[in-house]
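Read the structure below first, then the notes.
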There are 2 protein chains.
Amino acid sequence: MSSENLELKKAGLKVTLPRIKILSILESAENHHMSAEDVYKTLMEAGDDVGLATVYRVLTQFEAAGLVLRHNFEGGHAVFELASDDHHDHMVCTQTGQVIEFCDPVIEERQRQIAEEHGFEIVDHSLTLYVKPKK
Amino acid sequence: MSSENLELKKAGLKVTLPRIKILSILESAENHHMSAEDVYKTLMEAGDDVGLATVYRVLTQFEAAGLVLRHNFEGGHAVFELASDDHHDHMVCTQTGQVIEFCDPVIEERQRQIAEEHGFEIVDHSLTLYVKPKK
DNA sequence: CTAATTGCAAAAGCTTTGCAGCGCA
DNA sequence: TGCGCTGCAAAGCTTTTGCAATTAG
């Protein structure tokens with residue numbers, strides 16, 4: 001059994017064709033940040049008849065299961081990426097749309113300290129840099 | 001002439017009742033982060049007949065003029081706050097919805113460095129910590 | 001006077017939901 | 001076989017837009 005199937009099982013989800021295909025699309029995405037629409041189009045292009053509603057449902061289930069992360073960058077639509085063990089933040093180029101991932105221990109630690117100074121602990125955080133190529 | 005009117009003029013916007021009222025609502029908001037709907041409701045409660053569409057248009061114009069900032073926290077709708085000289089980031093309590101502002105020079109500087117290391121310069125950035133009260 | 005602004009209602013865009021039928025276990 | 005899953009279409013939400021009437025300068 002492929003690793004996709006195992007991941008699905010572990011998440012308590014039935015191993016169905018749409019789920020396998022969507023997971024595999026996310027795994028093989030070159031820039032691994034895709035909107036629901038992106039996933040849907042990819043399915044269509046591959047001749048796989050999966051409804052857009054199912055794409056949304058499956059992505060939401062994957063998110064609940066911790067398989068994918070949902071990001072709300074600016075622009076009205078959410079983007080999804082495969083969850084991996086290593087946390088990272090994002091840098092989005094305002095000219096090209098390119099998304100670069102990074103992780104900075106200094107920032108991570110300061111965040112924890114700041115929350116603590118206010119009597120809180122961090123549940124989650126979102127850091128996105130909107131950048132442009134340096135002249 | 002009140003300072004609101006001056007700000008509007010400076011922004012190249014005609015001084016109209018809806019604009020004055022919306023600006024004043026933002027200025028006197030206790031937790032100064034409001035959604036378009038919040039602003040609209042406040043207007044209604046005050047008996048001011050301003051269309052929701054106008055609220056959106058005015059907020060968008062204010063944003064373009066640099067008078068307000070638009071944030072896309074999680075939850076599907078944008079929130080607006082009066083722009084002030086001092087930049088800051090946000091900490092949102094997941095239990096109470098409370099929004100705390102903070103600014104950390106260490107994080108700011110690291111962001112700049114990270115962008116530079118990748119050959120970019122920062123146009124804008126968004127950092128939001130989702131927190132819960134510490135036990 | 002004239003261009004900017006507003007209100008209303010309709011439309012748009014993303015996402016969710018109801019329901020009948022299909023498919024995995 | 002049975003419950004979960006899917007597809008379709010319809011509905012929901014936030015936000016935007018078209019247009020005729022109104023208003024600021």
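A note on labels: chains of the structure tokens are A, B, ... as shown, every chain counts residues from 1, and ligands are counted from 1 in their shown order.
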
| DSSP says alpha helix (DSSP H) for which residues of chain B? Put them as a PyMOL selection string? | chain B and resi 3-10+17-28+36-45+52-64+105-117

| message | Report as a VMD selection string all protein, DNA and RNA residues lying within 8 Å of region 31-35 of chain A, evaluated on only C-alpha atoms (C1' of nucleotides), omitting residues in the same chain fewer than 2 positions from it. | response | chain A and resid 26 to 29 37 to 39 77 to 82 99

Nearby residues (only C-alpha atoms (C1' of nucleotides)) at most 12 Å from region 7-16 of chain A, same-chain spacing under 2 positions excluded, as a compact mmCIF listing (two decimals) with all heavy atoms, in the first residue's frame:
# COMPACT_ATOMS: atom_id res chain seq x y z
N MET A 1 0.85 -1.22 0.00
CA MET A 1 0.00 0.00 0.00
C MET A 1 0.87 1.25 0.00
O MET A 1 1.86 1.34 0.72
CB MET A 1 -0.89 -0.02 1.25
CG MET A 1 -1.82 1.16 1.30
SD MET A 1 -2.80 1.16 2.80
CE MET A 1 -4.11 0.01 2.36
N SER A 2 0.48 2.19 -0.81
CA SER A 2 1.31 3.39 -0.91
C SER A 2 1.27 4.21 0.36
O SER A 2 0.40 4.05 1.20
CB SER A 2 0.83 4.25 -2.08
OG SER A 2 -0.32 4.94 -1.69
N SER A 3 2.23 5.11 0.48
CA SER A 3 2.32 5.92 1.69
C SER A 3 1.12 6.86 1.80
O SER A 3 0.67 7.19 2.89
CB SER A 3 3.61 6.71 1.70
OG SER A 3 3.61 7.64 0.63
N GLU A 4 0.58 7.29 0.63
CA GLU A 4 -0.61 8.15 0.67
C GLU A 4 -1.71 7.44 1.45
O GLU A 4 -2.34 8.00 2.34
CB GLU A 4 -1.15 8.45 -0.74
CG GLU A 4 -0.47 9.57 -1.46
CD GLU A 4 0.52 9.03 -2.46
OE1 GLU A 4 0.91 7.86 -2.33
OE2 GLU A 4 0.90 9.79 -3.37
N ASN A 5 -1.94 6.19 1.08
CA ASN A 5 -3.02 5.45 1.71
C ASN A 5 -2.82 5.34 3.22
O ASN A 5 -3.77 5.45 3.98
CB ASN A 5 -3.12 4.05 1.09
CG ASN A 5 -3.50 4.14 -0.38
OD1 ASN A 5 -3.42 5.23 -0.97
ND2 ASN A 5 -3.93 3.05 -0.95
N PRO A 18 -10.79 10.32 -4.91
CA PRO A 18 -10.56 11.77 -4.85
C PRO A 18 -9.49 12.11 -3.81
O PRO A 18 -8.62 12.96 -4.07
CB PRO A 18 -11.93 12.32 -4.45
CG PRO A 18 -12.89 11.33 -4.97
CD PRO A 18 -12.22 10.00 -4.82
N ARG A 19 -9.54 11.50 -2.66
CA ARG A 19 -8.58 11.84 -1.61
C ARG A 19 -7.16 11.46 -2.01
O ARG A 19 -6.21 12.23 -1.80
CB ARG A 19 -8.99 11.14 -0.32
CG ARG A 19 -10.36 11.61 0.15
CD ARG A 19 -10.47 11.75 1.64
NE ARG A 19 -11.25 10.71 2.27
CZ ARG A 19 -12.40 10.90 2.92
NH1 ARG A 19 -12.92 12.08 3.03
NH2 ARG A 19 -13.04 9.90 3.47
N ILE A 20 -7.01 10.28 -2.60
CA ILE A 20 -5.68 9.86 -3.04
C ILE A 20 -5.13 10.83 -4.07
O ILE A 20 -3.98 11.26 -4.00
CB ILE A 20 -5.73 8.44 -3.65
CG1 ILE A 20 -6.10 7.43 -2.57
CG2 ILE A 20 -4.40 8.08 -4.28
CD1 ILE A 20 -6.35 6.04 -3.12
N LYS A 21 -6.00 11.18 -5.02
CA LYS A 21 -5.54 12.06 -6.10
C LYS A 21 -5.17 13.45 -5.58
O LYS A 21 -4.17 14.02 -5.99
CB LYS A 21 -6.63 12.17 -7.16
CG LYS A 21 -6.68 10.93 -8.03
CD LYS A 21 -7.83 10.98 -9.00
CE LYS A 21 -7.85 9.71 -9.84
NZ LYS A 21 -9.16 9.50 -10.50
N ILE A 22 -5.99 13.97 -4.70
CA ILE A 22 -5.72 15.31 -4.19
C ILE A 22 -4.43 15.31 -3.37
O ILE A 22 -3.59 16.20 -3.51
CB ILE A 22 -6.91 15.83 -3.35
CG1 ILE A 22 -8.10 16.07 -4.28
CG2 ILE A 22 -6.54 17.09 -2.60
CD1 ILE A 22 -9.39 16.44 -3.57
N LEU A 23 -4.26 14.30 -2.55
CA LEU A 23 -3.05 14.21 -1.75
C LEU A 23 -1.83 14.11 -2.66
O LEU A 23 -0.81 14.78 -2.44
CB LEU A 23 -3.14 12.98 -0.84
CG LEU A 23 -2.09 12.85 0.26
CD1 LEU A 23 -1.99 14.15 1.04
CD2 LEU A 23 -2.44 11.70 1.19
N SER A 24 -1.95 13.33 -3.69
CA SER A 24 -0.81 13.14 -4.59
C SER A 24 -0.50 14.42 -5.36
O SER A 24 0.65 14.72 -5.64
CB SER A 24 -1.10 11.96 -5.51
OG SER A 24 -0.93 12.30 -6.85
N VAL A 50 -13.55 15.24 -10.46
CA VAL A 50 -13.83 15.46 -9.05
C VAL A 50 -14.47 16.83 -8.91
O VAL A 50 -14.02 17.79 -9.51
CB VAL A 50 -12.52 15.40 -8.22
CG1 VAL A 50 -12.78 15.75 -6.77
CG2 VAL A 50 -11.88 14.04 -8.35
N THR A 54 -16.01 18.81 -3.55
CA THR A 54 -15.24 17.72 -2.93
C THR A 54 -13.83 18.17 -2.64
O THR A 54 -13.26 17.83 -1.60
CB THR A 54 -15.23 16.50 -3.86
OG1 THR A 54 -16.57 16.07 -4.04
CG2 THR A 54 -14.41 15.37 -3.27
N VAL A 58 -12.40 17.84 0.99
CA VAL A 58 -11.22 17.03 1.26
C VAL A 58 -10.10 17.88 1.86
O VAL A 58 -9.47 17.48 2.84
CB VAL A 58 -10.75 16.34 -0.03
CG1 VAL A 58 -9.37 15.72 0.16
CG2 VAL A 58 -11.76 15.28 -0.44
N GLN A 61 -10.89 18.55 5.40
CA GLN A 61 -10.65 17.35 6.22
C GLN A 61 -9.16 17.14 6.43
O GLN A 61 -8.72 16.80 7.54
CB GLN A 61 -11.26 16.12 5.54
CG GLN A 61 -12.76 16.12 5.49
CD GLN A 61 -13.30 15.21 4.41
OE1 GLN A 61 -12.58 14.77 3.50
NE2 GLN A 61 -14.59 14.92 4.50
N PHE A 62 -8.40 17.33 5.40
CA PHE A 62 -6.94 17.18 5.51
C PHE A 62 -6.39 18.17 6.52
O PHE A 62 -5.50 17.85 7.30
CB PHE A 62 -6.27 17.40 4.16
CG PHE A 62 -6.39 16.24 3.22
CD1 PHE A 62 -7.14 15.12 3.56
CD2 PHE A 62 -5.76 16.26 1.98
CE1 PHE A 62 -7.25 14.03 2.69
CE2 PHE A 62 -5.86 15.19 1.10
CZ PHE A 62 -6.61 14.08 1.46
N GLU A 63 -6.94 19.36 6.50
CA GLU A 63 -6.46 20.36 7.45
C GLU A 63 -6.80 19.92 8.88
O GLU A 63 -5.94 19.97 9.76
CB GLU A 63 -7.12 21.72 7.17
CG GLU A 63 -6.55 22.82 8.04
CD GLU A 63 -7.41 24.09 8.02
OE1 GLU A 63 -8.54 24.04 7.50
OE2 GLU A 63 -6.95 25.12 8.55
N ALA A 64 -8.03 19.46 9.07
CA ALA A 64 -8.44 19.02 10.39
C ALA A 64 -7.57 17.85 10.86
O ALA A 64 -7.28 17.71 12.04
CB ALA A 64 -9.91 18.61 10.37
N ALA A 65 -7.17 17.03 9.91
CA ALA A 65 -6.36 15.86 10.24
C ALA A 65 -4.89 16.22 10.39
O ALA A 65 -4.06 15.38 10.73
CB ALA A 65 -6.52 14.80 9.15
N GLY A 66 -4.55 17.46 10.12
CA GLY A 66 -3.17 17.88 10.26
C GLY A 66 -2.30 17.51 9.06
O GLY A 66 -1.08 17.64 9.11
N LEU A 67 -2.93 17.06 7.99
CA LEU A 67 -2.15 16.68 6.81
C LEU A 67 -1.72 17.89 6.00
O LEU A 67 -0.68 17.87 5.36
CB LEU A 67 -2.97 15.75 5.90
CG LEU A 67 -3.14 14.31 6.37
CD1 LEU A 67 -4.07 13.54 5.44
CD2 LEU A 67 -1.77 13.64 6.40
N VAL A 68 -2.55 18.93 6.00
CA VAL A 68 -2.19 20.14 5.25
C VAL A 68 -2.39 21.38 6.11
O VAL A 68 -3.09 21.34 7.13
CB VAL A 68 -3.02 20.29 3.95
CG1 VAL A 68 -3.00 19.04 3.12
CG2 VAL A 68 -4.44 20.69 4.28
N LEU A 82 1.14 20.96 1.94
CA LEU A 82 1.34 19.76 2.72
C LEU A 82 2.01 20.13 4.03
O LEU A 82 2.96 20.88 4.05
CB LEU A 82 2.24 18.82 1.92
CG LEU A 82 1.82 17.37 1.84
CD1 LEU A 82 0.36 17.27 1.41
CD2 LEU A 82 2.72 16.66 0.86
N ALA A 83 1.49 19.60 5.11
CA ALA A 83 2.13 19.85 6.40
C ALA A 83 3.38 18.99 6.50
O ALA A 83 3.37 17.84 6.14
CB ALA A 83 1.18 19.52 7.53
P DC C 22 -26.29 5.84 -8.64
OP1 DC C 22 -26.18 5.84 -10.10
OP2 DC C 22 -27.09 4.82 -7.93
O5' DC C 22 -24.82 5.82 -8.03
C5' DC C 22 -23.97 6.95 -8.19
C4' DC C 22 -22.66 6.67 -7.48
O4' DC C 22 -22.84 6.84 -6.06
C3' DC C 22 -22.11 5.27 -7.69
O3' DC C 22 -20.72 5.37 -7.95
C2' DC C 22 -22.43 4.55 -6.39
C1' DC C 22 -22.39 5.69 -5.37
N1 DC C 22 -23.26 5.54 -4.20
C2 DC C 22 -22.74 5.85 -2.93
O2 DC C 22 -21.57 6.20 -2.82
N3 DC C 22 -23.56 5.74 -1.86
C4 DC C 22 -24.83 5.38 -1.99
N4 DC C 22 -25.58 5.31 -0.90
C5 DC C 22 -25.38 5.05 -3.27
C6 DC C 22 -24.57 5.15 -4.34
P DG C 23 -19.82 4.09 -7.98
OP1 DG C 23 -18.68 4.39 -8.90
OP2 DG C 23 -20.63 2.87 -8.15
O5' DG C 23 -19.25 4.11 -6.50
C5' DG C 23 -18.44 5.21 -6.08
C4' DG C 23 -17.64 4.78 -4.85
O4' DG C 23 -18.54 4.55 -3.75
C3' DG C 23 -16.87 3.48 -5.04
O3' DG C 23 -15.75 3.58 -4.19
C2' DG C 23 -17.85 2.43 -4.51
C1' DG C 23 -18.46 3.18 -3.34
N9 DG C 23 -19.81 2.83 -2.95
C8 DG C 23 -20.85 2.40 -3.74
N7 DG C 23 -21.97 2.25 -3.09
C5 DG C 23 -21.64 2.61 -1.78
C6 DG C 23 -22.44 2.64 -0.60
O6 DG C 23 -23.62 2.39 -0.50
N1 DG C 23 -21.70 3.04 0.51
C2 DG C 23 -20.36 3.38 0.49
N2 DG C 23 -19.80 3.72 1.64
N3 DG C 23 -19.60 3.35 -0.61
C4 DG C 23 -20.31 2.95 -1.69
P DC C 24 -14.48 2.68 -4.44
OP1 DC C 24 -13.50 3.54 -5.11
OP2 DC C 24 -14.92 1.41 -5.05
O5' DC C 24 -13.96 2.39 -2.97
C5' DC C 24 -13.57 3.51 -2.16
C4' DC C 24 -13.76 3.17 -0.70
O4' DC C 24 -15.15 2.83 -0.45
C3' DC C 24 -12.94 1.99 -0.21
O3' DC C 24 -12.38 2.34 1.05
C2' DC C 24 -13.95 0.84 -0.10
C1' DC C 24 -15.23 1.60 0.24
N1 DC C 24 -16.48 0.96 -0.22
C2 DC C 24 -17.53 0.81 0.69
O2 DC C 24 -17.38 1.17 1.86
N3 DC C 24 -18.69 0.26 0.26
C4 DC C 24 -18.83 -0.11 -0.99
N4 DC C 24 -20.02 -0.64 -1.38
C5 DC C 24 -17.78 0.02 -1.95
C6 DC C 24 -16.63 0.55 -1.52
P DA C 25 -11.33 1.41 1.77
OP1 DA C 25 -10.44 2.27 2.57
OP2 DA C 25 -10.79 0.49 0.76
O5' DA C 25 -12.25 0.59 2.78
C5' DA C 25 -12.78 1.25 3.91
C4' DA C 25 -13.54 0.25 4.75
O4' DA C 25 -14.69 -0.20 4.02
C3' DA C 25 -12.73 -1.01 5.07
O3' DA C 25 -12.99 -1.39 6.40
C2' DA C 25 -13.27 -2.05 4.12
C1' DA C 25 -14.72 -1.62 4.02
N9 DA C 25 -15.41 -2.03 2.80
C8 DA C 25 -14.89 -2.22 1.56
N7 DA C 25 -15.77 -2.58 0.66
C5 DA C 25 -16.96 -2.63 1.36
C6 DA C 25 -18.27 -2.95 0.97
N6 DA C 25 -18.62 -3.28 -0.26
N1 DA C 25 -19.23 -2.89 1.94
C2 DA C 25 -18.88 -2.55 3.19
N3 DA C 25 -17.67 -2.22 3.66
C4 DA C 25 -16.76 -2.29 2.69
P DC D 3 -25.66 2.11 9.02
OP1 DC D 3 -26.15 1.82 10.38
OP2 DC D 3 -26.57 2.62 7.98
O5' DC D 3 -24.42 3.09 9.17
C5' DC D 3 -23.12 2.55 9.45
C4' DC D 3 -22.10 3.34 8.66
O4' DC D 3 -22.21 3.05 7.25
C3' DC D 3 -22.24 4.86 8.79
O3' DC D 3 -20.95 5.39 9.04
C2' DC D 3 -22.82 5.29 7.44
C1' DC D 3 -22.24 4.24 6.51
N1 DC D 3 -23.02 3.98 5.28
C2 DC D 3 -22.34 3.65 4.11
O2 DC D 3 -21.10 3.59 4.13
N3 DC D 3 -23.04 3.38 2.99
C4 DC D 3 -24.37 3.44 3.00
N4 DC D 3 -25.03 3.16 1.86
C5 DC D 3 -25.11 3.79 4.19
C6 DC D 3 -24.39 4.04 5.29
P DG D 4 -20.72 6.93 9.25
OP1 DG D 4 -19.94 7.14 10.50
OP2 DG D 4 -22.00 7.62 9.02
O5' DG D 4 -19.75 7.24 8.04
C5' DG D 4 -18.66 6.34 7.80
C4' DG D 4 -18.08 6.65 6.44
O4' DG D 4 -19.02 6.26 5.41
C3' DG D 4 -17.79 8.13 6.20
O3' DG D 4 -16.56 8.19 5.51
C2' DG D 4 -18.95 8.60 5.35
C1' DG D 4 -19.25 7.35 4.54
N9 DG D 4 -20.62 7.22 4.04
C8 DG D 4 -21.77 7.35 4.75
N7 DG D 4 -22.84 7.14 4.04
C5 DG D 4 -22.35 6.88 2.77
C6 DG D 4 -23.04 6.57 1.57
O6 DG D 4 -24.25 6.47 1.38
N1 DG D 4 -22.16 6.36 0.51
C2 DG D 4 -20.79 6.44 0.60
N2 DG D 4 -20.11 6.22 -0.51
N3 DG D 4 -20.13 6.72 1.73
C4 DG D 4 -20.98 6.92 2.76
P DC D 5 -15.92 9.54 5.16
OP1 DC D 5 -14.45 9.34 5.29
OP2 DC D 5 -16.61 10.63 5.89
O5' DC D 5 -16.25 9.65 3.61
C5' DC D 5 -15.84 8.59 2.76
C4' DC D 5 -16.23 8.91 1.34
O4' DC D 5 -17.66 8.73 1.22
C3' DC D 5 -15.93 10.35 0.91
O3' DC D 5 -15.21 10.31 -0.31
C2' DC D 5 -17.29 11.01 0.78
C1' DC D 5 -18.20 9.81 0.49
N1 DC D 5 -19.60 9.97 0.96
C2 DC D 5 -20.64 9.78 0.05
O2 DC D 5 -20.38 9.51 -1.12
N3 DC D 5 -21.92 9.90 0.49
C4 DC D 5 -22.17 10.19 1.77
N4 DC D 5 -23.45 10.29 2.15
C5 DC D 5 -21.13 10.39 2.71
C6 DC D 5 -19.86 10.27 2.27
P DT D 6 -14.83 11.66 -1.01
OP1 DT D 6 -13.56 11.43 -1.71
OP2 DT D 6 -15.00 12.76 -0.06
O5' DT D 6 -15.97 11.77 -2.12
C5' DT D 6 -16.04 10.80 -3.15
C4' DT D 6 -17.13 11.16 -4.14
O4' DT D 6 -18.40 11.11 -3.45
C3' DT D 6 -16.98 12.56 -4.70
O3' DT D 6 -16.91 12.50 -6.12
C2' DT D 6 -18.24 13.30 -4.24
C1' DT D 6 -19.20 12.19 -3.84
N1 DT D 6 -20.05 12.51 -2.67
C2 DT D 6 -21.41 12.44 -2.81
O2 DT D 6 -21.96 12.13 -3.85
N3 DT D 6 -22.12 12.74 -1.67
C4 DT D 6 -21.61 13.11 -0.44
O4 DT D 6 -22.35 13.35 0.51
C5 DT D 6 -20.17 13.17 -0.37
C7 DT D 6 -19.50 13.56 0.90
C6 DT D 6 -19.46 12.88 -1.48

Would you tabulate, counting only C-alpha atoms, all residues of chain A that have an atom at most 9 Å from an atom of chain B, showing the closest pair of atoms and their distance in Å to one decimal, sorted by chain then ascending number, as a tab-separated table?
residue	atom	partner	partner_atom	distance
A:His71	CA	B:Glu74	CA	8.9
A:Asn72	CA	B:Glu74	CA	6.9
A:Phe73	CA	B:Asn72	CA	7.8
A:Glu74	CA	B:Asn72	CA	6.9
A:Gly76	CA	B:Gly76	CA	8.5
A:Met91	CA	B:Ala115	CA	7.8
A:Cys93	CA	B:Phe120	CA	8.2
A:Thr94	CA	B:Val123	CA	8.1
A:Ile100	CA	B:His118	CA	8.9
A:Phe102	CA	B:Ile114	CA	8.2
A:Asp104	CA	B:Arg110	CA	8.2
A:Val106	CA	B:Ile107	CA	7.6
A:Ile107	CA	B:Ile107	CA	5.4
A:Glu108	CA	B:Ile107	CA	8.8
A:Arg110	CA	B:Ile107	CA	7.0
A:Gln111	CA	B:Leu129	CA	7.7
A:Ile114	CA	B:Phe102	CA	8.2
A:Ala115	CA	B:Val131	CA	7.3
A:Glu116	CA	B:Lys134	CA	7.7
A:His118	CA	B:Pro133	CA	8.8
A:Gly119	CA	B:Lys134	CA	5.6
A:Phe120	CA	B:Pro133	CA	4.4
A:Glu121	CA	B:Val131	CA	5.4
A:Ile122	CA	B:Val131	CA	4.3
A:Val123	CA	B:Val131	CA	4.9
A:Asp124	CA	B:Tyr130	CA	5.0
A:His125	CA	B:Leu129	CA	4.3
A:Ser126	CA	B:Thr128	CA	5.3
A:Leu127	CA	B:Leu127	CA	4.3
A:Thr128	CA	B:Ser126	CA	5.3
A:Leu129	CA	B:His125	CA	4.3
A:Tyr130	CA	B:Asp124	CA	5.0
A:Val131	CA	B:Ile122	CA	4.3
A:Lys132	CA	B:Phe120	CA	5.4
A:Pro133	CA	B:Phe120	CA	4.4
A:Lys134	CA	B:Phe120	CA	4.6
A:Lys135	CA	B:Phe120	CA	8.4

N, CA, C and O atoms of the current selection, written as a short mmCIF file (atom, residue, chain, number, x, y, z; two decimals), in the first residue's frame:
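Final file, selection05.cif:
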data_model
loop_
_atom_site.label_atom_id
_atom_site.label_comp_id
_atom_site.auth_asym_id
_atom_site.auth_seq_id
_atom_site.Cartn_x
_atom_site.Cartn_y
_atom_site.Cartn_z
N HIS A 71 -3.38 28.60 4.49
CA HIS A 71 -2.89 29.95 4.70
C HIS A 71 -3.84 30.95 4.08
O HIS A 71 -4.35 30.74 2.99
N ASN A 72 -4.04 32.07 4.79
CA ASN A 72 -4.87 33.14 4.23
C ASN A 72 -4.00 34.31 3.82
O ASN A 72 -4.00 35.33 4.47
N PHE A 73 -3.25 34.16 2.76
CA PHE A 73 -2.48 35.28 2.25
C PHE A 73 -3.47 36.31 1.74
O PHE A 73 -4.66 36.05 1.62
N GLU A 74 -2.99 37.49 1.40
CA GLU A 74 -3.90 38.49 0.86
C GLU A 74 -4.38 38.03 -0.51
O GLU A 74 -3.71 37.29 -1.19
N GLY A 76 -7.92 37.16 -1.05
CA GLY A 76 -9.26 36.62 -1.04
C GLY A 76 -9.42 35.12 -1.02
O GLY A 76 -10.44 34.61 -0.61
N MET A 91 7.52 34.20 2.47
CA MET A 91 7.88 35.46 1.84
C MET A 91 7.21 35.44 0.47
O MET A 91 7.46 34.51 -0.31
N CYS A 93 6.56 37.27 -3.13
CA CYS A 93 7.02 38.34 -4.00
C CYS A 93 5.82 39.03 -4.63
O CYS A 93 4.99 38.38 -5.28
N THR A 94 5.74 40.34 -4.43
CA THR A 94 4.58 41.08 -4.93
C THR A 94 4.62 41.24 -6.44
O THR A 94 3.61 41.59 -7.06
N ILE A 100 8.47 32.04 -1.10
CA ILE A 100 9.68 31.46 -0.54
C ILE A 100 9.43 31.14 0.92
O ILE A 100 8.81 31.93 1.63
N PHE A 102 10.82 30.29 4.77
CA PHE A 102 12.00 30.47 5.60
C PHE A 102 11.62 30.20 7.05
O PHE A 102 10.44 30.16 7.40
N ASP A 104 13.21 31.28 10.97
CA ASP A 104 14.25 31.97 11.70
C ASP A 104 14.09 31.76 13.20
O ASP A 104 13.12 32.22 13.80
N VAL A 106 15.60 33.08 15.68
CA VAL A 106 15.59 34.30 16.47
C VAL A 106 14.16 34.84 16.57
O VAL A 106 13.66 35.19 17.64
N ILE A 107 13.49 34.90 15.43
CA ILE A 107 12.12 35.41 15.41
C ILE A 107 11.20 34.50 16.21
O ILE A 107 10.38 34.96 17.02
N GLU A 108 11.36 33.20 16.00
CA GLU A 108 10.50 32.25 16.72
C GLU A 108 10.61 32.46 18.23
O GLU A 108 9.61 32.48 18.94
N ARG A 110 11.69 35.11 19.90
CA ARG A 110 11.16 36.41 20.33
C ARG A 110 9.64 36.35 20.42
O ARG A 110 9.03 36.91 21.33
N GLN A 111 9.02 35.69 19.49
CA GLN A 111 7.56 35.57 19.52
C GLN A 111 7.11 34.93 20.82
O GLN A 111 6.18 35.40 21.47
N ILE A 114 7.52 37.35 23.69
CA ILE A 114 6.54 38.44 23.67
C ILE A 114 5.19 37.96 24.18
O ILE A 114 4.55 38.61 25.00
N ALA A 115 4.78 36.79 23.71
CA ALA A 115 3.50 36.25 24.17
C ALA A 115 3.57 36.05 25.69
O ALA A 115 2.64 36.41 26.42
N GLU A 116 4.67 35.49 26.14
CA GLU A 116 4.82 35.22 27.57
C GLU A 116 4.77 36.50 28.39
O GLU A 116 4.14 36.55 29.44
N HIS A 118 3.10 38.94 27.92
CA HIS A 118 1.72 39.40 28.05
C HIS A 118 0.85 38.36 28.74
O HIS A 118 -0.38 38.50 28.78
N GLY A 119 1.49 37.29 29.24
CA GLY A 119 0.73 36.28 29.96
C GLY A 119 0.02 35.28 29.05
O GLY A 119 -0.95 34.65 29.45
N PHE A 120 0.53 35.14 27.82
CA PHE A 120 -0.09 34.21 26.90
C PHE A 120 0.91 33.15 26.45
O PHE A 120 2.11 33.32 26.62
N GLU A 121 0.38 32.09 25.87
CA GLU A 121 1.26 31.18 25.17
C GLU A 121 0.74 31.03 23.75
O GLU A 121 -0.46 31.12 23.50
N ILE A 122 1.68 30.79 22.83
CA ILE A 122 1.32 30.78 21.42
C ILE A 122 0.62 29.50 21.01
O ILE A 122 1.08 28.41 21.33
N VAL A 123 -0.50 29.66 20.35
CA VAL A 123 -1.23 28.51 19.81
C VAL A 123 -0.78 28.32 18.37
O VAL A 123 -0.61 27.21 17.90
N ASP A 124 -0.61 29.43 17.69
CA ASP A 124 -0.26 29.39 16.28
C ASP A 124 0.25 30.77 15.92
O ASP A 124 0.05 31.72 16.67
N HIS A 125 0.90 30.87 14.80
CA HIS A 125 1.27 32.21 14.37
C HIS A 125 1.41 32.25 12.87
O HIS A 125 1.55 31.21 12.22
N SER A 126 1.34 33.43 12.34
CA SER A 126 1.42 33.60 10.90
C SER A 126 2.30 34.81 10.61
O SER A 126 2.03 35.91 11.07
N LEU A 127 3.37 34.55 9.90
CA LEU A 127 4.27 35.64 9.52
C LEU A 127 4.47 35.58 8.02
O LEU A 127 4.92 34.58 7.48
N THR A 128 4.11 36.64 7.35
CA THR A 128 4.30 36.69 5.90
C THR A 128 4.96 38.01 5.53
O THR A 128 4.49 39.07 5.92
N LEU A 129 6.04 37.91 4.80
CA LEU A 129 6.72 39.11 4.30
C LEU A 129 6.30 39.31 2.85
O LEU A 129 6.38 38.38 2.06
N TYR A 130 5.83 40.49 2.53
CA TYR A 130 5.52 40.82 1.15
C TYR A 130 6.71 41.62 0.63
O TYR A 130 7.05 42.67 1.18
N VAL A 131 7.37 41.09 -0.38
CA VAL A 131 8.65 41.66 -0.82
C VAL A 131 8.68 41.95 -2.32
O VAL A 131 7.78 41.55 -3.06
N LYS A 132 9.74 42.66 -2.72
CA LYS A 132 9.98 42.85 -4.15
C LYS A 132 11.48 42.71 -4.38
O LYS A 132 12.27 42.92 -3.45
N PRO A 133 11.85 42.34 -5.59
CA PRO A 133 13.28 42.14 -5.89
C PRO A 133 14.07 43.40 -5.57
O PRO A 133 13.60 44.51 -5.84
N LYS A 134 15.25 43.21 -5.03
CA LYS A 134 16.06 44.35 -4.66
C LYS A 134 16.74 44.90 -5.92
O LYS A 134 17.28 44.15 -6.72
N LYS A 135 16.65 46.20 -6.08
CA LYS A 135 17.23 46.82 -7.28
C LYS A 135 18.74 46.66 -7.30
O LYS A 135 19.39 46.80 -6.28
#

Proximity of chain D to chain B: per-residue shortest pair, 9 Å limit, only C-alpha atoms (C1' of nucleotides), as a Markdown table:
| residue | atom | partner | partner_atom | distance |
| --- | --- | --- | --- | --- |
| D:DC13 | C1' | B:Gly76 | CA | 8.4 |
| D:DT14 | C1' | B:His77 | CA | 6.3 |
| D:DT15 | C1' | B:Tyr56 | CA | 7.5 |
| D:DT16 | C1' | B:Ala53 | CA | 8.2 |
| D:DT23 | C1' | B:Thr16 | CA | 8.4 |
| D:DA24 | C1' | B:Lys14 | CA | 6.8 |
| D:DG25 | C1' | B:Lys14 | CA | 8.5 |

| Residues within 12 Å of DC19 (chain D), only C-alpha atoms (C1' of nucleotides), excluding chain neighbours under 3 positions, as number ranges by chain | C: 6-10

| task | If you run DSSP over the backbone, which residues in chain A end up strand (DSSP E)? Put them as a ChimeraX atom specification. | result | /A:34-35,68-71,79-82,89-93,99-102,120-133

| With only C-alpha atoms (C1' of nucleotides) as the basis for distance, which of A:Leu59, A:Leu43, A:Ile25, A:Leu69 is at the shortest distance from chain C? | A:Leu59

| note | Separating C1' of DG7 (chain D) from C1' of DG13 (chain C), to the nearest tenth of an Å, is a gap of 20.9 Å

| Computed interatomic separation between CA of Pro105 (chain A) and CA of Gln98 (chain B) (Å) | 26.7 Å

| said: Just to confirm, what's the straight-line distance from CA of Thr42 (chain A) to C1' of DA11 (chain C) in Å (one decimal)? | reply: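 If I compute the distance from CA of Thr42 (chain A) to C1' of DA11 (chain C), I get 27.6 Å.
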